[in-house]
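In what follows, a structure is listed as C-alpha cells, so that the remarks can point back to it.
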Amino acid sequence: MGTKIIENKNGTKMIAHRGLSGLETENTCAAFVAAGNRSYYGIECDLHETADGKIVVIHDYETGRVADVNLPIEETKFDILRAVVLNDRFSQKKRFDLRIPTLEEYIKICEHYDKKAIIELKGKLTKNSVYKICDYLKAEGHLDRVVFISFDMNLLLYMREKLPEQPAQFLTSGELTDELIQKLKELKLDIDIYYVRLNKERIDACHAAGIKVNCWTLDRPEIAEEFISYGIDFITTNILE
C-alpha cells in the first residue's frame, strides 16, 4: 500500500484527512502514525465530548460507520466507547488495535512526529467544551502546532474568546462568495472549502484579502497539481502526498 505522490508541491502543504485514512481506518492512532511517518505537514482530526466529559477523536456522532456497534458519542461514557473495537478500513473486520483515541493521544502523536494538528470542532460541542479543549492545549504547550477548523462559525468564535491569535479556518461546502471572503477577512479567519468550489479566481481573491486557502477532500492528482499551480496554501487529502 502507498500514497499517491505529488512531486512538485510548490510550497503547498498537504494535510492527512482524519490521519492517513486512505490506508488506515480514519481517526485512529494507526492512521495518525501512518501520516506521521510520511511527509505531511499536518494531521486532521475531529473532536467530540463524551457523556462524562472526555474529549475523543471520531468523525461521526455515532460509532456505527466504523464499528459493529452503534453508540451515540455525546450520550455514552468514555470507558464504554473505549471498549468498542473498530473495523479495519479494507476488510471491515474487527481489528483489536483500533480504538477511539483521546485528544491527548492524538496530540502526542502529532508532537512526536512534528506535525501540525488540524483540529475540527464538531457541531455538538458546547462553549464550555471548546474552552476545555483550548485550556488543555494551552496548558500543555501545544498551541504552536494547532490550527482549528469548523463548519460552525460560533465554535470558532468561542475558541477565539480563549485564543485570540490562534490560526483557524472556516469549513464550508458552499459557494466562495465575495461576501464570505469579506466576512472572513473581518474575523481574521482562513478558509477550508470543498475543492469543487475553487478555481484560480477564487484562490486569488482570498489571497488578495489575506486569507489562506485549504480545500477538502481532494484525492485527484491532476486537480491537486492544478490548484498547486494556482498557489493554494493547503490540500486536505485521504491519499495524496
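Labels for the C-alpha cells follow display order: chains A, B, ..., residues from 1 in each chain, ligands from 1.
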
Distance query Ile55 (chain A) at most 7 Å, only C-alpha atoms, self and fewer than 3 positions along chain excluded, as a compact mmCIF listing (two decimals) with C-alpha atoms, in the first residue's frame:
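See out.txt below for the written result:
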```txt
# COMPACT_ATOMS: atom_id res chain seq x y z
CA LEU A 47 -13.35 16.14 18.23
CA HIS A 48 -16.41 15.26 20.30
CA GLU A 49 -17.11 15.22 24.04
CA THR A 50 -18.40 12.06 25.73
CA THR A 102 -8.43 10.68 23.04
CA LEU A 103 -7.37 14.23 22.24
```

Could you list, as JSON, numbers by chain, every residue within 12 Å of Leu157 (chain A), counting only C-alpha atoms and ignoring same-chain residues fewer than 4 positions away? {"A": [121, 126, 127, 130, 131, 148, 149, 150, 151, 152, 153, 161, 162, 163, 164, 165, 166, 167, 168, 169, 170, 184, 187, 188, 189]}

Please list as an MDAnalysis selection string every residue within 12 Å of Tyr194 (chain A), counting only C-alpha atoms and excluding residues in the same chain fewer than 4 positions away. chainID A and resid 151 170:176 198:199 213:219 235:237

Take the residues that were just selected and, keeping C-alpha atoms, output them as a PDB file, in the first residue's frame.
```
ATOM      1  CA  PHE A 151     -18.298  24.244   9.921  1.00  0.00           C
ATOM      2  CA  PHE A 170     -13.902  28.154   8.439  1.00  0.00           C
ATOM      3  CA  LEU A 171     -15.118  24.931   6.846  1.00  0.00           C
ATOM      4  CA  THR A 172     -17.724  25.158   4.119  1.00  0.00           C
ATOM      5  CA  SER A 173     -19.180  23.246   1.211  1.00  0.00           C
ATOM      6  CA  GLY A 174     -20.931  26.337  -0.122  1.00  0.00           C
ATOM      7  CA  GLU A 175     -20.012  28.936  -2.705  1.00  0.00           C
ATOM      8  CA  LEU A 176     -16.984  31.107  -2.034  1.00  0.00           C
ATOM      9  CA  LEU A 198     -12.408  26.519  -6.103  1.00  0.00           C
ATOM     10  CA  ASN A 199     -10.733  27.955  -9.169  1.00  0.00           C
ATOM     11  CA  VAL A 213      -6.930  28.643   1.347  1.00  0.00           C
ATOM     12  CA  ASN A 214      -7.294  24.982   2.283  1.00  0.00           C
ATOM     13  CA  CYS A 215      -9.528  22.551   0.395  1.00  0.00           C
ATOM     14  CA  TRP A 216     -11.166  19.243   1.290  1.00  0.00           C
ATOM     15  CA  THR A 217     -11.103  16.366   0.444  1.00  0.00           C
ATOM     16  CA  LEU A 218      -9.004  16.233  -2.706  1.00  0.00           C
ATOM     17  CA  ASP A 219      -7.759  12.823  -3.886  1.00  0.00           C
ATOM     18  CA  ILE A 235      -4.686  20.488   0.422  1.00  0.00           C
ATOM     19  CA  THR A 236      -6.526  18.080   2.720  1.00  0.00           C
ATOM     20  CA  THR A 237      -6.480  14.572   1.293  1.00  0.00           C
TER      21      THR A 237
END
```

Write out as a CSV table (one decimal) with N, CA and C atoms, in the first residue's frame the residues lying within 9 Å of region 31-45 of chain A, counting only C-alpha atoms and excluding same-chain residues fewer than 6 positions away.
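Written file, part-v2.csv:
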```csv
chain,number,residue,atom,x,y,z
A,13,LYS,N,1.1,22.9,1.3
A,13,LYS,CA,1.2,22.0,2.5
A,13,LYS,C,0.1,20.9,2.4
A,14,MET,N,0.5,19.7,2.5
A,14,MET,CA,-0.5,18.6,2.5
A,14,MET,C,-0.9,18.2,3.9
A,15,ILE,N,-2.2,17.9,4.0
A,15,ILE,CA,-2.8,17.6,5.3
A,15,ILE,C,-3.5,16.2,5.2
A,16,ALA,N,-3.2,15.3,6.1
A,16,ALA,CA,-3.7,14.0,6.1
A,16,ALA,C,-5.1,14.0,6.7
A,17,HIS,N,-6.1,13.7,5.9
A,17,HIS,CA,-7.5,13.8,6.3
A,17,HIS,C,-7.9,12.7,7.3
A,18,ARG,N,-8.2,13.0,8.5
A,18,ARG,CA,-8.5,12.0,9.6
A,18,ARG,C,-7.4,11.1,9.8
A,19,GLY,N,-6.2,11.6,9.7
A,19,GLY,CA,-5.0,10.7,9.6
A,19,GLY,C,-4.9,10.3,8.1
A,20,LEU,N,-4.0,9.3,7.9
A,20,LEU,CA,-3.8,8.8,6.5
A,20,LEU,C,-4.9,7.8,6.3
A,21,SER,N,-6.2,8.3,6.1
A,21,SER,CA,-7.3,7.4,6.0
A,21,SER,C,-7.5,6.7,4.7
A,22,GLY,N,-6.6,7.0,3.7
A,22,GLY,CA,-6.6,6.2,2.5
A,22,GLY,C,-6.0,4.8,2.8
A,23,LEU,N,-5.2,4.7,3.9
A,23,LEU,CA,-4.5,3.4,4.2
A,23,LEU,C,-4.9,2.8,5.5
A,24,GLU,N,-5.4,3.6,6.4
A,24,GLU,CA,-5.8,3.1,7.7
A,24,GLU,C,-7.2,3.6,8.1
A,25,THR,N,-7.8,2.9,9.0
A,25,THR,CA,-9.1,3.4,9.5
A,25,THR,C,-9.0,4.8,10.0
A,57,VAL,N,-11.7,11.5,19.7
A,57,VAL,CA,-11.4,11.7,18.3
A,57,VAL,C,-12.3,10.7,17.5
A,58,ILE,N,-13.3,11.2,16.8
A,58,ILE,CA,-14.1,10.4,15.9
A,58,ILE,C,-14.9,11.4,15.0
A,59,HIS,N,-15.2,11.0,13.8
A,59,HIS,CA,-15.9,11.9,12.9
A,59,HIS,C,-17.4,12.0,13.1
A,106,TYR,N,-3.9,11.8,20.4
A,106,TYR,CA,-3.8,12.4,19.1
A,106,TYR,C,-2.7,13.4,19.1
A,109,ILE,N,0.9,12.2,19.3
A,109,ILE,CA,1.4,11.6,18.1
A,109,ILE,C,1.8,12.8,17.2
A,110,CYS,N,1.0,13.8,17.1
A,110,CYS,CA,1.4,15.0,16.3
A,110,CYS,C,2.7,15.6,16.8
A,112,HIS,N,5.1,14.0,18.5
A,112,HIS,CA,6.2,13.0,18.3
A,112,HIS,C,6.8,13.1,16.9
A,113,TYR,N,5.8,13.3,15.9
A,113,TYR,CA,6.3,13.3,14.5
A,113,TYR,C,6.4,14.7,14.0
A,114,ASP,N,6.3,15.7,14.9
A,114,ASP,CA,6.5,17.1,14.5
A,114,ASP,C,5.5,17.5,13.4
A,115,LYS,N,4.2,17.2,13.5
A,115,LYS,CA,3.2,17.6,12.6
A,115,LYS,C,2.2,18.6,13.2
A,116,LYS,N,1.7,19.4,12.3
A,116,LYS,CA,0.6,20.3,12.7
A,116,LYS,C,-0.7,19.5,13.0
A,117,ALA,N,-1.3,20.0,14.1
A,117,ALA,CA,-2.6,19.3,14.5
A,117,ALA,C,-3.7,20.2,13.9
A,118,ILE,N,-4.4,19.6,12.9
A,118,ILE,CA,-5.6,20.3,12.3
A,118,ILE,C,-6.8,19.8,13.0
A,119,ILE,N,-7.4,20.5,13.9
A,119,ILE,CA,-8.4,20.0,14.8
A,119,ILE,C,-9.8,20.6,14.4
A,120,GLU,N,-10.7,19.7,14.0
A,120,GLU,CA,-12.1,20.1,13.7
A,120,GLU,C,-12.9,20.0,14.9
A,121,LEU,N,-13.6,21.1,15.2
A,121,LEU,CA,-14.5,21.2,16.3
A,121,LEU,C,-15.9,20.9,15.8
A,145,ARG,N,1.4,24.3,17.4
A,145,ARG,CA,1.2,23.3,16.3
A,145,ARG,C,-0.3,23.1,16.0
A,234,PHE,N,-3.0,25.0,1.2
A,234,PHE,CA,-3.1,23.6,1.8
A,234,PHE,C,-4.0,22.8,1.0
A,236,THR,N,-6.2,19.2,1.8
A,236,THR,CA,-6.5,18.1,2.7
A,236,THR,C,-6.9,16.9,1.9
A,241,GLU,N,0.1,12.7,-1.4
A,241,GLU,CA,1.2,13.1,-0.5
A,241,GLU,C,2.2,14.0,-1.3
```

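Atom to atom, CA of Lys122 (chain A) and CA of Lys200 (chain A) stand 29.5 Å apart.
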
Using DSSP secondary structure from the backbone, list all helix (DSSP H, G or I) positions within region 12-203 of chain A, as a ChimeraX atom specification. /A:29-36,73-75,78-82,103-112,127-139,143-145,153-162,178-187,195-197,200-203

Set the distance at 7 Å and use only C-alpha atoms: which residues neighbour region 63-80 of chain A once local chain neighbours fewer than 2 positions away are removed? I'd like the list as a PyMOL selection string. chain A and resi 49-52+54+60-61+82-87

Kindly export the residues of the current selection with C-alpha atoms, as a compact mmCIF listing (two decimals), in the first residue's frame.
```txt
# COMPACT_ATOMS: atom_id res chain seq x y z
CA GLU A 49 -17.11 15.22 24.04
CA THR A 50 -18.40 12.06 25.73
CA ALA A 51 -21.22 11.91 28.27
CA ASP A 52 -18.66 12.05 31.11
CA LYS A 54 -13.79 13.21 27.85
CA ASP A 60 -19.49 10.85 13.18
CA TYR A 61 -21.87 11.45 16.04
CA ARG A 82 -13.05 2.91 24.52
CA ALA A 83 -14.09 -0.73 24.70
CA VAL A 84 -15.50 -0.60 21.17
CA VAL A 85 -13.24 -2.35 18.65
CA LEU A 86 -13.17 -0.52 15.31
CA ASN A 87 -13.12 -2.17 11.92
```

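One distance worth recording is that between CA of Arg160 (chain A) and CA of Ser129 (chain A), which is 13.4 Å.
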
Just give me the gap between CA of Ile133 (chain A) and CA of Val56 (chain A) in Å, one decimal is fine. 10.6 Å

Counting only C-alpha atoms, the option among A:Glu226, A:Asp135, A:Glu179, A:Asp97 closest to Tyr195 (chain A):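 That would be A:Glu226, the residue with the smallest distance to Tyr195 (chain A).
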
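For the choices A:Ile107, A:Met159, A:Ile181, A:Ala30, the atom-to-atom distance to Gly141 (chain A) is smallest for A:Ile107 when using only C-alpha atoms.
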
Counting only C-alpha atoms, the residue of A:Lys212, A:Arg220, A:Lys183, A:Lys124 that sits nearest Ile232 (chain A):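 Looking at the shortest contact to Ile232 (chain A), the residue is A:Lys212.
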